[in-house]
Amino acid sequence: MFNLCSKFDYPTALRWWLALVLICCAATSIHAQETTETKSVGENTLTGMQQTASGKPTIKPIRTDSPRNTLKSFLRLRAELEQALGSYRLKKSRELAEHMHAIKSQFRALLNLSLVPPASHREIGSDTTAYLLDILGRVELPNLESVPDEGAFEDGVSPAKWRIPGTPIRIVRADEGPREGEFLFSERTVMVAPRFYKGIENRPLQTSLSIISWHRALPQITGPMVPAGVLRIVPQSLRDFWLDTPKWKVIVVALVSALAALLLFVFHRAINRRETDNRLGFLLRRALTPIAVLVVVWSLKDFIAYQINVSGAFSGVVDVMATILIHTAAVWLLWLVMLAIFERIIQARNILEESFDAHLWRLGARTIGTVASVVIIGNAAQELGLPLYSVVAGLGIGGLAVALAIRPTLENLIGGIVLYLDQPVRVGDFCNFGDKTGTVETIGVRSTKLRALDRTVITVPNAALADMQLINWAKCDRMLINATIGLRYETENDQLRHVLVKFREMLHAHPKIHSDTVRVRFAGFGQSSLDIGVRIYALTQDFNEFHAIREDVLLRMSDIVKKSGSSFAFPSQTLYMGRDDGLDGERGKTAAKEVESWRKAGKL
């Protein structure tokens, strides 16, 4: 990617990308050692947990086609969890840890978590499972043969449900969604189980383990990467719970997160320490930071969840923060990647950095990035359980007020697009707009900057410029020279004819004058001069060259006037002294008689 940037620092870029690859490899290695759920909830429901390797423990598929099979699957999983947890306490191993996490995953598959935000499925499902283990281990369960089987309910008849005797816990058939037709612990179990447990927590727990409560014992477990000796040196005061998680785990998570944040900050400062004039290289280098954030947060999230094993409300906080950070980094990375792609297009097309075309390409990148970012943010909102549709409706109502507030900005944006599509002016064009004259320097998204003749910079909003009458001198195929040459009244007619002929000969022969457009005529009698009208077109589109051509033509005309014996007129007045003889009376009477004869004849 970096060979696209001619001015980018290759050694530095290579070092930082190599460092990032090493970080990714290390994170992948840690992630491979950590326990992850190998099947989704739906897949676990259908096929169960498969054998991880030869000789490793497996879990039978759960059955949810009736309340009897759902309860039977729960009790079987409880027995397997007790056996696995007992063995894990004696000797930690990765296989046992994976086995216990697979059992927990199967437990969650028995719950209807349709009302729980996706980002909270793991912690809320695990907490609800712990409360169900405590409840069903303290109440007397009925004989499984008395629990309704699949034939007890007719298809299409709702509601199909069964309540565990002595508890408010219900197993209900899902009538819609991906779990349709399955009998699951109802969605209200998430709220009912903790409250009901408070009322029976003094009853003895029936279990083969030396524990008094599942929801107090499970959070104390740590992953195989945490040595067992660490737990023995933790004081009892730090074993107490805070936000449903042992305090020492909260402290460890805070310290590890702070260390990760510090390392990311140092990494960000290090890769952005050196400045570069190449915009593409700058964007690619900045993209390393969100990539590092994604790698670190993903790895840290799994480490906290499966090695430190946080639970309850604190686990919810961790998952929410991780979801926010991951989606924020994804938006950041997407934004920089879109800008880098379009910046590469600008460089490939040799578009000027400050030209309107470049600004429009960047606007397109920002527009695509914004739309994609909204999609990512919407996905994050759904995972966090935010009322996305209500938010969208609220945005629709507030959008009108926002649109009115940013109306001038939108007008300028649309005006800029109109300028791009119509292209009445481009960067470097000399033009007249309104009562101003100047050269276009930049055409931005909001405004256009022009350099006036007095070297000041005039900023015109695009909306106003798009509505102005523009005279673009740069688009002239040839430029008009329109002049009036005034000769003295003492010039004889033949002298005047000589001047006219010589003017025409000179202009037709001039290499920078369009000969077909030459028009030189005696135009009339001025107040103090005999006026010759000259209208010709110079063969140029450059304004400076135009002035040079006009200067050359006028100097040649001056030579022709002098060689003809005439000279240029200038404003003057001549005073004549003489006697006034009055009007001619005889001619006046004759004219009056002629008019009278016209009147009498009716011809006046």
# chains A, B, ... in the order shown; residues from 1 in each chain; ligands from 1
>>> residues_around(residues="segment 321-333 of chain A", least_positions_apart="4", cutoff="9 Å", atoms="only C-alpha atoms", output="list in words")
Ala119, Arg286, Ala287, Leu288, Thr289, Pro290, Ile291, Ala292, Val293, Leu294, Val297, Trp298, Leu300, Lys301, Gly316, Val317, Val337, Met338, Gly369, Thr370, Ala372, Ser373, Val374, Ile376, Ile377, Asn379, Ala380, Glu383 and Leu384 of chain A
>>> residues_around(residues="Gly428 of chain A", least_positions_apart="6", cutoff="9 Å", atoms="only C-alpha atoms", output="PyMOL selection string")
chain A and resi 439-442+474
>>> residues_around(residues="Lys249 of chain A", least_positions_apart="3", cutoff="12 Å", atoms="only C-alpha atoms", output="MDAnalysis selection string")
chainID A and resid 219:222 226 230:231 234 238:246 252:257 304:305 307:311 314:315 318
>>> select_by_dssp(residues="segment 68-264 of chain A", states="helix (DSSP H, G or I)", output="PyMOL selection string")
chain A and resi 68-90+94-109+118-136+144-146+150-152+189-200+214-220+228-233+236-238+247-264
>>> closest_residue(among="A:Tyr131, A:Ser93, A:Ile536, A:Gly565", to="Pro227 of chain A", atoms="only C-alpha atoms")
A:Ser93
>>> closest_residue(among="A:Leu470, A:Ile549, A:Leu480, A:Leu75", to="Val518 of chain A", atoms="only C-alpha atoms")
A:Leu480
>>> atom_distance(atom1="atom CA of Phe522 of chain A", atom2="atom CA of Phe546 of chain A")
24.6 Å
